[in-house]
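Visitor: Following this line is data.cif, made up of mmCIF, C-alpha atoms:
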```cif
data_run
loop_
_atom_site.label_atom_id
_atom_site.label_comp_id
_atom_site.auth_asym_id
_atom_site.auth_seq_id
_atom_site.Cartn_x
_atom_site.Cartn_y
_atom_site.Cartn_z
CA MET A 1 -72.26 -32.03 4.94
CA LYS A 2 -72.43 -29.07 2.60
CA LEU A 3 -70.06 -26.25 3.44
CA THR A 4 -70.89 -22.58 2.85
CA ILE A 5 -67.84 -20.35 2.60
CA ILE A 6 -68.77 -16.69 3.14
CA THR A 7 -66.29 -14.07 1.92
CA THR A 8 -66.95 -10.39 2.54
CA VAL A 9 -65.01 -7.87 0.47
CA PHE A 10 -64.76 -4.09 0.29
CA HIS A 11 -61.99 -2.34 -1.67
CA ASP A 12 -59.74 -5.42 -1.49
CA THR A 13 -59.59 -7.11 -4.89
CA GLU A 14 -56.06 -8.41 -4.29
CA GLY A 15 -57.15 -9.96 -1.01
CA LEU A 16 -60.16 -11.55 -2.70
CA LYS A 17 -57.87 -13.01 -5.37
CA LYS A 18 -55.69 -14.59 -2.66
CA THR A 19 -58.73 -16.07 -0.98
CA CYS A 20 -60.14 -17.55 -4.20
CA LEU A 21 -56.76 -18.87 -5.32
CA SER A 22 -56.40 -20.73 -2.03
CA LEU A 23 -59.82 -22.37 -2.57
CA LYS A 24 -58.99 -23.54 -6.09
CA SER A 25 -57.96 -26.98 -4.86
CA LEU A 26 -61.58 -27.59 -3.84
CA THR A 27 -62.65 -27.39 -7.49
CA GLU A 28 -60.05 -29.83 -8.82
CA GLY A 29 -60.70 -33.55 -9.12
CA SER A 30 -63.41 -34.96 -6.88
CA PRO A 31 -63.79 -32.65 -3.87
CA PRO A 32 -64.18 -34.47 -0.53
CA PHE A 33 -67.29 -32.44 0.31
CA SER A 34 -69.84 -30.26 -1.41
CA TRP A 35 -69.47 -26.51 -1.00
CA GLU A 36 -70.70 -23.13 -2.12
CA HIS A 37 -68.90 -19.80 -2.09
CA LEU A 38 -70.87 -16.68 -1.19
CA ILE A 39 -68.99 -13.50 -2.00
CA VAL A 40 -70.71 -10.59 -0.26
CA ASP A 41 -69.38 -7.70 -2.30
CA SER A 42 -69.52 -4.03 -1.29
CA SER A 43 -67.27 -2.88 -4.15
CA PRO A 44 -68.59 -4.87 -7.15
CA GLN A 45 -67.17 -2.64 -9.88
CA GLU A 46 -63.64 -3.31 -8.64
CA ASN A 47 -64.22 -7.07 -8.56
CA GLU A 48 -66.20 -7.45 -11.79
CA LYS A 49 -63.38 -9.04 -13.81
CA LEU A 50 -62.54 -11.56 -11.08
CA ILE A 51 -66.20 -12.51 -10.61
CA GLN A 52 -66.57 -13.10 -14.36
CA THR A 53 -63.49 -15.33 -14.32
CA LEU A 54 -64.88 -17.39 -11.45
CA GLN A 55 -68.22 -17.81 -13.24
CA GLN A 56 -66.43 -19.04 -16.37
CA GLU A 57 -64.54 -21.60 -14.27
CA ASN A 58 -67.79 -23.12 -13.00
CA TRP A 59 -67.05 -21.89 -9.49
CA PRO A 60 -69.87 -22.76 -7.01
CA LEU A 61 -70.42 -19.02 -6.67
CA LYS A 62 -73.22 -16.91 -5.32
CA HIS A 63 -72.33 -13.24 -5.83
CA ILE A 64 -74.21 -10.97 -3.44
CA ILE A 65 -73.93 -7.21 -3.97
CA CYS A 66 -74.59 -4.98 -0.96
CA SER A 67 -73.95 -1.44 0.18
CA PRO A 68 -70.88 -0.89 2.40
CA GLN A 69 -72.38 -1.06 5.89
CA GLY A 70 -69.57 -2.94 7.66
CA VAL A 71 -68.23 -6.46 7.96
CA TYR A 72 -70.86 -7.82 10.38
CA PRO A 73 -73.88 -6.71 8.32
CA ALA A 74 -72.18 -8.33 5.31
CA MET A 75 -71.56 -11.54 7.25
CA ASN A 76 -75.18 -11.58 8.43
CA LEU A 77 -76.36 -11.12 4.85
CA GLY A 78 -74.26 -14.12 3.85
CA ILE A 79 -75.72 -16.24 6.64
CA GLY A 80 -79.23 -15.39 5.48
CA GLN A 81 -78.51 -16.57 1.93
CA SER A 82 -76.43 -19.64 2.75
CA CYS A 83 -77.58 -23.17 1.92
CA GLY A 84 -74.88 -25.18 3.70
CA GLU A 85 -75.15 -27.08 6.95
CA VAL A 86 -71.78 -25.65 8.04
CA ILE A 87 -70.71 -22.01 7.68
CA TRP A 88 -67.12 -20.79 7.40
CA PHE A 89 -66.19 -17.09 7.26
CA LEU A 90 -63.15 -16.63 5.05
CA ASN A 91 -63.07 -12.91 4.33
CA SER A 92 -60.99 -11.25 1.62
CA GLY A 93 -57.30 -11.87 2.27
CA ASP A 94 -57.96 -14.94 4.42
CA ILE A 95 -56.79 -18.24 2.94
CA LEU A 96 -57.31 -21.98 3.02
CA VAL A 97 -53.90 -23.42 3.91
CA ASP A 98 -54.73 -27.14 3.95
CA ALA A 99 -57.76 -28.72 2.26
CA GLN A 100 -57.12 -32.07 3.94
CA ASN A 101 -57.18 -30.46 7.38
CA LEU A 102 -60.45 -28.76 6.45
CA LYS A 103 -61.90 -32.16 5.57
CA LEU A 104 -60.65 -33.57 8.89
CA ALA A 105 -62.34 -30.66 10.71
CA LEU A 106 -65.65 -31.28 8.94
CA ASP A 107 -65.42 -35.01 9.63
CA GLN A 108 -64.75 -34.31 13.31
CA MET A 109 -67.76 -31.98 13.49
CA LYS A 110 -69.93 -34.75 12.11
CA GLU A 111 -68.50 -37.51 14.29
CA GLN A 112 -68.66 -35.50 17.52
CA VAL A 113 -71.95 -33.80 16.61
CA ALA A 114 -70.23 -30.47 17.35
CA ASP A 115 -72.00 -27.15 16.83
CA VAL A 116 -68.74 -25.16 16.68
CA LEU A 117 -65.27 -26.34 15.70
CA ILE A 118 -62.16 -24.24 16.35
CA SER A 119 -58.59 -24.72 15.18
CA PRO A 120 -55.31 -22.82 15.42
CA VAL A 121 -54.65 -20.39 12.57
CA GLN A 122 -51.59 -19.97 10.39
CA VAL A 123 -50.20 -16.43 10.32
CA VAL A 124 -48.23 -15.63 7.15
CA SER A 125 -45.74 -12.77 7.07
CA ALA A 126 -43.07 -11.70 4.60
CA ARG A 127 -40.50 -13.77 6.47
CA GLU A 128 -42.31 -16.86 7.76
CA ALA A 129 -45.54 -18.73 8.39
CA LYS A 130 -46.28 -19.71 11.97
CA VAL A 131 -49.23 -21.21 13.79
CA LYS A 132 -51.05 -19.14 16.39
CA LYS A 133 -51.88 -21.59 19.17
CA ILE A 134 -55.03 -21.62 21.27
CA SER A 135 -56.37 -23.43 24.33
CA ASN A 136 -58.65 -26.42 23.80
CA ARG A 137 -61.16 -24.87 26.22
CA LEU A 138 -63.30 -22.12 24.75
CA ILE A 139 -63.52 -20.03 27.92
CA LEU A 140 -59.72 -19.77 28.25
CA ASN A 141 -59.61 -18.14 24.81
CA LEU A 142 -62.17 -15.49 25.76
CA LEU A 143 -61.09 -14.14 29.14
CA GLY A 144 -60.23 -10.47 28.74
CA GLU A 145 -59.94 -10.61 24.95
CA ASN A 146 -60.57 -12.81 21.92
CA ARG A 147 -57.76 -15.27 21.11
CA ILE A 148 -59.76 -17.13 18.44
CA CYS A 149 -59.63 -16.12 14.78
CA HIS A 150 -62.81 -16.15 12.70
CA GLN A 151 -60.92 -17.85 9.84
CA ALA A 152 -60.31 -20.86 12.06
CA THR A 153 -63.89 -21.40 13.22
CA LEU A 154 -66.64 -23.52 11.67
CA PHE A 155 -70.28 -23.14 12.73
CA GLN A 156 -73.25 -25.38 12.21
CA ALA A 157 -75.81 -23.15 10.48
CA GLN A 158 -78.35 -24.01 13.18
CA VAL A 159 -76.22 -22.15 15.76
CA PHE A 160 -77.20 -18.84 14.17
CA LYS A 161 -80.85 -19.86 14.21
CA LYS A 162 -80.57 -20.56 17.92
CA LEU A 163 -78.39 -17.64 19.08
CA GLY A 164 -79.23 -15.06 16.41
CA LEU A 165 -76.94 -13.20 14.04
CA TYR A 166 -73.90 -11.04 14.73
CA ASN A 167 -74.54 -7.86 16.69
CA GLU A 168 -74.21 -5.07 14.13
CA GLY A 169 -73.74 -2.52 16.90
CA PHE A 170 -70.11 -3.58 17.13
CA LYS A 171 -67.55 -2.88 14.40
CA LEU A 172 -64.70 -5.05 15.70
CA ALA A 173 -65.84 -7.41 18.45
CA SER A 174 -69.15 -8.95 17.44
CA ASP A 175 -67.47 -12.31 16.78
CA TYR A 176 -66.10 -12.11 20.34
CA GLU A 177 -69.61 -11.52 21.68
CA PHE A 178 -70.98 -14.40 19.62
CA LEU A 179 -68.35 -16.82 20.94
CA TRP A 180 -69.25 -15.76 24.49
CA LYS A 181 -72.88 -16.57 23.72
CA CYS A 182 -71.74 -20.02 22.60
CA GLN A 183 -69.76 -20.42 25.84
CA LEU A 184 -72.68 -19.36 28.01
CA ASP A 185 -75.19 -21.69 26.34
CA PRO A 186 -74.79 -25.17 27.89
CA LYS A 187 -76.38 -26.82 24.84
CA ILE A 188 -73.79 -25.52 22.37
CA ARG A 189 -71.17 -28.22 21.79
CA VAL A 190 -67.69 -26.94 20.99
CA SER A 191 -64.88 -29.07 19.57
CA PHE A 192 -61.20 -28.33 18.84
CA ILE A 193 -58.77 -29.67 16.26
CA SER A 194 -55.01 -29.22 16.44
CA GLN A 195 -54.33 -29.01 12.69
CA PRO A 196 -54.76 -25.53 11.14
CA PHE A 197 -56.85 -25.29 7.98
CA ALA A 198 -56.95 -21.49 7.60
CA GLY A 199 -54.60 -18.56 7.63
CA PHE A 200 -54.22 -14.87 7.04
CA TYR A 201 -51.51 -12.52 5.87
CA LEU A 202 -50.03 -10.32 8.56
CA GLY A 203 -50.13 -6.71 7.46
CA GLY A 204 -48.58 -3.63 8.99
CA ARG A 205 -48.97 -2.34 12.51
CA SER A 206 -52.49 -2.19 13.84
CA SER A 207 -53.82 1.22 14.85
CA ARG A 208 -57.03 -0.22 16.29
CA TYR A 209 -55.75 -1.91 19.45
CA GLN A 210 -57.56 0.41 21.81
CA ASP A 211 -60.76 0.46 19.73
CA VAL A 212 -61.08 -3.32 19.78
CA LEU A 213 -60.18 -3.49 23.46
CA SER A 214 -62.91 -0.96 24.21
CA GLU A 215 -65.41 -3.15 22.39
CA PHE A 216 -64.22 -6.25 24.27
CA ARG A 217 -65.04 -4.36 27.47
CA ALA A 218 -68.47 -3.40 26.13
CA VAL A 219 -69.19 -7.05 25.30
CA GLN A 220 -68.26 -8.10 28.82
CA LYS A 221 -70.55 -5.45 30.29
CA ASN A 222 -73.42 -6.39 27.97
CA LEU A 223 -73.22 -10.04 28.99
CA GLY A 224 -72.24 -9.36 32.59
CA SER A 225 -75.57 -10.40 34.06
CA ARG A 226 -75.08 -13.86 32.53
CA TYR A 227 -71.60 -14.38 34.02
CA PRO A 228 -71.10 -16.05 37.40
CA ARG A 229 -69.45 -13.61 39.83
CA LEU A 230 -66.11 -15.45 39.71
CA LEU A 231 -66.08 -15.31 35.93
CA SER A 232 -66.75 -11.57 35.98
CA GLY A 233 -63.77 -11.12 38.27
CA LEU A 234 -61.50 -13.21 36.03
CA ASN A 235 -62.66 -11.21 33.01
CA GLN A 236 -61.68 -7.99 34.79
CA ILE A 237 -58.24 -9.34 35.71
CA PHE A 238 -57.48 -10.61 32.20
CA TYR A 239 -58.85 -7.43 30.64
CA SER A 240 -56.51 -5.34 32.80
CA LEU A 241 -53.53 -7.49 31.81
CA THR A 242 -54.47 -7.16 28.15
CA TRP A 243 -54.80 -3.38 28.53
CA LEU A 244 -51.31 -3.18 30.01
CA ARG A 245 -49.88 -5.34 27.24
CA ILE A 246 -51.45 -3.17 24.54
CA GLN A 247 -50.17 0.01 26.19
CA ALA A 248 -46.68 -1.51 26.05
CA VAL A 249 -47.13 -2.33 22.35
CA LEU A 250 -48.29 1.21 21.59
CA TRP A 251 -45.37 2.66 23.57
CA ARG A 252 -42.87 0.53 21.61
CA GLU A 253 -44.47 1.57 18.31
CA LYS A 254 -44.24 5.22 19.32
CA LEU A 255 -40.54 4.84 20.08
CA ARG A 256 -39.90 3.17 16.72
CA ALA A 257 -41.83 5.78 14.74
CA PRO A 258 -39.65 8.23 12.79
CA SER A 259 -39.44 11.63 14.46
#
```
Output the file's structure as structure tokens, nothing else.
Guide:
Amino acid sequence: MKLTIITTVFHDTEGLKKTCLSLKSLTEGSPPFSWEHLIVDSSPQENEKLIQTLQQENWPLKHIICSPQGVYPAMNLGIGQSCGEVIWFLNSGDILVDAQNLKLALDQMKEQVADVLISPVQVVSAREAKVKKISNRLILNLLGENRICHQATLFQAQVFKKLGLYNEGFKLASDYEFLWKCQLDPKIRVSFISQPFAGFYLGGRSSRYQDVLSEFRAVQKNLGSRYPRLLSGLNQIFYSLTWLRIQAVLWREKLRAPS
């Protein structure tokens, strides 16, 4: 199967360098699968030197320049120009942590005829690298909030033909909505693998907790008519618990902030 890796970037050349450096192992020797790398670039002048270097290295690159309209429009643009049977979103700053585990994931998708494959993700900080665990049932990762990272998800390209592209009306939670659409479609086959193949660098404190939570709630309302009544109730309970947890996080951050 051919793999399309889609990387969106906007004012993050250092992050893009990290992403490309992590993929370098796929170009060395005889790669275990064919792949292409679509860089959807909303700040091309900043990345010009890096793009030229990749082209000189015979990188399987498709450089797509677009105006800065947001991450989901950029991801949709990448989907539209992809040629692979499997699509992986590895945005600037995200990294491949284990090429062998990526191969195992692709092999499992093929063997199980899975439409979506999800793995844990490795979170890298200044002090350590640890694996963020998930449930091996999709629905348990979606109640109230999104516990699945885009870096750790592979999609058959045909899934986007069936369910459509990402909802560009959301800025933070369209991937959450898309995963719910996968959950609610009985014909979408989802598989899980326990070995992480992707990771991301943990930055500073997030100031968007409440924004993303608000969008999670909007997703649940938008899809509410498709939920069974019991599922709607569980979503409300888990959402409330998540809201309380985030309020506690914000309160702790406020206490730690310098006066």
Visitor: So what do you get for CA of Ser67 in chain A versus CA of Phe160 in chain A, distance-wise?
Guide: 22.6 Å
Visitor: Counting all atoms listed in the file, which residues sit no farther than 6 Å from the position (-57.0, -21.2, 8.6) in the file's frame? I'd like them as a PyMOL selection string.
Guide: chain A and resi 96+121-122+151-152+196-199
Visitor: Give me, please, the distance in Å between CA of Asp115 in chain A and CA of Ile6 in chain A, quoted to one decimal.
Guide: 17.5 Å
Visitor: Please identify all polymer residues lying at most 10 Å from the point (-55.6, -28.6, 17.3) (file coordinates), using all atoms listed in the file, and present the result as number ranges by chain.
Guide: A: 105, 118-121, 133-136, 191-197
Visitor: Care to translate the PyMOL selection byres ((chain A and resi 14-29) around 12) into actual residues of this file, as a PDB file with C-alpha atoms, in the frame of the given file?
Guide:
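Result went into out26.pdb, see below:
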```
ATOM      1  CA  LEU A   3     -70.060 -26.250   3.440  1.00  0.00           C
ATOM      2  CA  ILE A   5     -67.840 -20.350   2.600  1.00  0.00           C
ATOM      3  CA  ILE A   6     -68.770 -16.690   3.140  1.00  0.00           C
ATOM      4  CA  THR A   7     -66.290 -14.070   1.920  1.00  0.00           C
ATOM      5  CA  THR A   8     -66.950 -10.390   2.540  1.00  0.00           C
ATOM      6  CA  VAL A   9     -65.010  -7.870   0.470  1.00  0.00           C
ATOM      7  CA  PHE A  10     -64.760  -4.090   0.290  1.00  0.00           C
ATOM      8  CA  HIS A  11     -61.990  -2.340  -1.670  1.00  0.00           C
ATOM      9  CA  ASP A  12     -59.740  -5.420  -1.490  1.00  0.00           C
ATOM     10  CA  THR A  13     -59.590  -7.110  -4.890  1.00  0.00           C
ATOM     11  CA  SER A  30     -63.410 -34.960  -6.880  1.00  0.00           C
ATOM     12  CA  PRO A  31     -63.790 -32.650  -3.870  1.00  0.00           C
ATOM     13  CA  PRO A  32     -64.180 -34.470  -0.530  1.00  0.00           C
ATOM     14  CA  PHE A  33     -67.290 -32.440   0.310  1.00  0.00           C
ATOM     15  CA  SER A  34     -69.840 -30.260  -1.410  1.00  0.00           C
ATOM     16  CA  TRP A  35     -69.470 -26.510  -1.000  1.00  0.00           C
ATOM     17  CA  GLU A  36     -70.700 -23.130  -2.120  1.00  0.00           C
ATOM     18  CA  HIS A  37     -68.900 -19.800  -2.090  1.00  0.00           C
ATOM     19  CA  LEU A  38     -70.870 -16.680  -1.190  1.00  0.00           C
ATOM     20  CA  ILE A  39     -68.990 -13.500  -2.000  1.00  0.00           C
ATOM     21  CA  VAL A  40     -70.710 -10.590  -0.260  1.00  0.00           C
ATOM     22  CA  ASP A  41     -69.380  -7.700  -2.300  1.00  0.00           C
ATOM     23  CA  SER A  43     -67.270  -2.880  -4.150  1.00  0.00           C
ATOM     24  CA  PRO A  44     -68.590  -4.870  -7.150  1.00  0.00           C
ATOM     25  CA  GLU A  46     -63.640  -3.310  -8.640  1.00  0.00           C
ATOM     26  CA  ASN A  47     -64.220  -7.070  -8.560  1.00  0.00           C
ATOM     27  CA  GLU A  48     -66.200  -7.450 -11.790  1.00  0.00           C
ATOM     28  CA  LYS A  49     -63.380  -9.040 -13.810  1.00  0.00           C
ATOM     29  CA  LEU A  50     -62.540 -11.560 -11.080  1.00  0.00           C
ATOM     30  CA  ILE A  51     -66.200 -12.510 -10.610  1.00  0.00           C
ATOM     31  CA  THR A  53     -63.490 -15.330 -14.320  1.00  0.00           C
ATOM     32  CA  LEU A  54     -64.880 -17.390 -11.450  1.00  0.00           C
ATOM     33  CA  GLU A  57     -64.540 -21.600 -14.270  1.00  0.00           C
ATOM     34  CA  ASN A  58     -67.790 -23.120 -13.000  1.00  0.00           C
ATOM     35  CA  TRP A  59     -67.050 -21.890  -9.490  1.00  0.00           C
ATOM     36  CA  PRO A  60     -69.870 -22.760  -7.010  1.00  0.00           C
ATOM     37  CA  LEU A  61     -70.420 -19.020  -6.670  1.00  0.00           C
ATOM     38  CA  PHE A  89     -66.190 -17.090   7.260  1.00  0.00           C
ATOM     39  CA  LEU A  90     -63.150 -16.630   5.050  1.00  0.00           C
ATOM     40  CA  ASN A  91     -63.070 -12.910   4.330  1.00  0.00           C
ATOM     41  CA  SER A  92     -60.990 -11.250   1.620  1.00  0.00           C
ATOM     42  CA  GLY A  93     -57.300 -11.870   2.270  1.00  0.00           C
ATOM     43  CA  ASP A  94     -57.960 -14.940   4.420  1.00  0.00           C
ATOM     44  CA  ILE A  95     -56.790 -18.240   2.940  1.00  0.00           C
ATOM     45  CA  LEU A  96     -57.310 -21.980   3.020  1.00  0.00           C
ATOM     46  CA  VAL A  97     -53.900 -23.420   3.910  1.00  0.00           C
ATOM     47  CA  ASP A  98     -54.730 -27.140   3.950  1.00  0.00           C
ATOM     48  CA  ALA A  99     -57.760 -28.720   2.260  1.00  0.00           C
ATOM     49  CA  GLN A 100     -57.120 -32.070   3.940  1.00  0.00           C
ATOM     50  CA  LEU A 102     -60.450 -28.760   6.450  1.00  0.00           C
ATOM     51  CA  LYS A 103     -61.900 -32.160   5.570  1.00  0.00           C
ATOM     52  CA  GLN A 151     -60.920 -17.850   9.840  1.00  0.00           C
ATOM     53  CA  PHE A 197     -56.850 -25.290   7.980  1.00  0.00           C
ATOM     54  CA  ALA A 198     -56.950 -21.490   7.600  1.00  0.00           C
ATOM     55  CA  GLY A 199     -54.600 -18.560   7.630  1.00  0.00           C
ATOM     56  CA  PHE A 200     -54.220 -14.870   7.040  1.00  0.00           C
ATOM     57  CA  TYR A 201     -51.510 -12.520   5.870  1.00  0.00           C
ATOM     58  CA  LEU A 202     -50.030 -10.320   8.560  1.00  0.00           C
ATOM     59  CA  GLY A 203     -50.130  -6.710   7.460  1.00  0.00           C
TER      60      GLY A 203
END
```
Visitor: Counting only C-alpha atoms, which of A:Ala74, A:Val116, A:Leu106, A:Cys66 gets nearest to Gln158 in chain A?
Guide: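 Checking each candidate against Gln158 in chain A, we get A:Val116 as the closest.
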Visitor: Can I get range 178-188 of chain A with all heavy atoms filled in, as a tab-separated table (two decimals), keeping the file's coordinate frame?
Guide:
```
chain	number	residue	atom	x	y	z
A	178	PHE	N	-70.29	-13.19	20.04
A	178	PHE	CA	-70.98	-14.40	19.62
A	178	PHE	C	-70.35	-15.65	20.25
A	178	PHE	O	-71.05	-16.58	20.66
A	178	PHE	CB	-70.98	-14.52	18.10
A	178	PHE	CG	-71.95	-15.54	17.58
A	178	PHE	CD1	-73.28	-15.22	17.40
A	178	PHE	CD2	-71.53	-16.83	17.30
A	178	PHE	CE1	-74.19	-16.16	16.94
A	178	PHE	CE2	-72.43	-17.78	16.84
A	178	PHE	CZ	-73.76	-17.45	16.66
A	179	LEU	N	-69.02	-15.68	20.31
A	179	LEU	CA	-68.35	-16.82	20.94
A	179	LEU	C	-68.68	-16.90	22.43
A	179	LEU	O	-68.83	-17.99	22.99
A	179	LEU	CB	-66.84	-16.73	20.73
A	179	LEU	CG	-66.37	-17.02	19.30
A	179	LEU	CD1	-64.89	-16.68	19.16
A	179	LEU	CD2	-66.61	-18.49	18.93
A	180	TRP	N	-68.83	-15.74	23.09
A	180	TRP	CA	-69.25	-15.76	24.49
A	180	TRP	C	-70.66	-16.32	24.62
A	180	TRP	O	-70.95	-17.08	25.56
A	180	TRP	CB	-69.20	-14.34	25.09
A	180	TRP	CG	-67.98	-14.06	25.91
A	180	TRP	CD1	-67.03	-13.11	25.67
A	180	TRP	CD2	-67.55	-14.74	27.09
A	180	TRP	NE1	-66.05	-13.15	26.64
A	180	TRP	CE2	-66.35	-14.14	27.53
A	180	TRP	CE3	-68.08	-15.80	27.83
A	180	TRP	CZ2	-65.66	-14.57	28.66
A	180	TRP	CZ3	-67.38	-16.23	28.97
A	180	TRP	CH2	-66.20	-15.62	29.37
A	181	LYS	N	-71.53	-16.01	23.68
A	181	LYS	CA	-72.88	-16.57	23.72
A	181	LYS	C	-72.83	-18.09	23.57
A	181	LYS	O	-73.60	-18.81	24.22
A	181	LYS	CB	-73.74	-15.95	22.62
A	181	LYS	CG	-74.11	-14.50	22.88
A	181	LYS	CD	-74.96	-13.93	21.74
A	181	LYS	CE	-75.37	-12.50	22.02
A	181	LYS	NZ	-76.17	-11.92	20.90
A	182	CYS	N	-71.92	-18.57	22.73
A	182	CYS	CA	-71.74	-20.02	22.60
A	182	CYS	C	-71.24	-20.61	23.92
A	182	CYS	O	-71.71	-21.68	24.35
A	182	CYS	CB	-70.73	-20.33	21.50
A	182	CYS	SG	-71.29	-19.92	19.82
A	183	GLN	N	-70.30	-19.93	24.57
A	183	GLN	CA	-69.76	-20.42	25.84
A	183	GLN	C	-70.83	-20.46	26.92
A	183	GLN	O	-70.88	-21.41	27.73
A	183	GLN	CB	-68.61	-19.50	26.28
A	183	GLN	CG	-68.13	-19.70	27.71
A	183	GLN	CD	-67.52	-21.07	27.95
A	183	GLN	OE1	-66.84	-21.60	27.09
A	183	GLN	NE2	-67.78	-21.65	29.13
A	184	LEU	N	-71.69	-19.47	26.95
A	184	LEU	CA	-72.68	-19.36	28.01
A	184	LEU	C	-73.92	-20.22	27.80
A	184	LEU	O	-74.74	-20.36	28.70
A	184	LEU	CB	-73.10	-17.89	28.17
A	184	LEU	CG	-71.99	-16.94	28.67
A	184	LEU	CD1	-72.44	-15.49	28.56
A	184	LEU	CD2	-71.59	-17.28	30.10
A	185	ASP	N	-74.05	-20.81	26.61
A	185	ASP	CA	-75.19	-21.69	26.34
A	185	ASP	C	-74.75	-23.14	26.55
A	185	ASP	O	-73.94	-23.67	25.79
A	185	ASP	CB	-75.66	-21.51	24.89
A	185	ASP	CG	-76.99	-22.21	24.63
A	185	ASP	OD1	-77.19	-23.34	25.14
A	185	ASP	OD2	-77.84	-21.64	23.92
A	186	PRO	N	-75.26	-23.81	27.57
A	186	PRO	CA	-74.79	-25.17	27.89
A	186	PRO	C	-75.12	-26.21	26.80
A	186	PRO	O	-74.55	-27.30	26.81
A	186	PRO	CB	-75.53	-25.50	29.19
A	186	PRO	CG	-76.74	-24.60	29.20
A	186	PRO	CD	-76.31	-23.35	28.49
A	187	LYS	N	-76.00	-25.86	25.88
A	187	LYS	CA	-76.38	-26.82	24.84
A	187	LYS	C	-75.53	-26.70	23.57
A	187	LYS	O	-75.66	-27.51	22.66
A	187	LYS	CB	-77.86	-26.65	24.49
A	187	LYS	CG	-78.79	-27.02	25.64
A	187	LYS	CD	-80.25	-26.92	25.22
A	187	LYS	CE	-81.17	-27.32	26.37
A	187	LYS	NZ	-82.61	-27.21	25.98
A	188	ILE	N	-74.68	-25.68	23.52
A	188	ILE	CA	-73.79	-25.52	22.37
A	188	ILE	C	-72.54	-26.38	22.59
A	188	ILE	O	-71.82	-26.19	23.57
A	188	ILE	CB	-73.39	-24.05	22.16
A	188	ILE	CG1	-74.63	-23.20	21.86
A	188	ILE	CG2	-72.36	-23.91	21.04
A	188	ILE	CD1	-75.30	-23.52	20.55
```
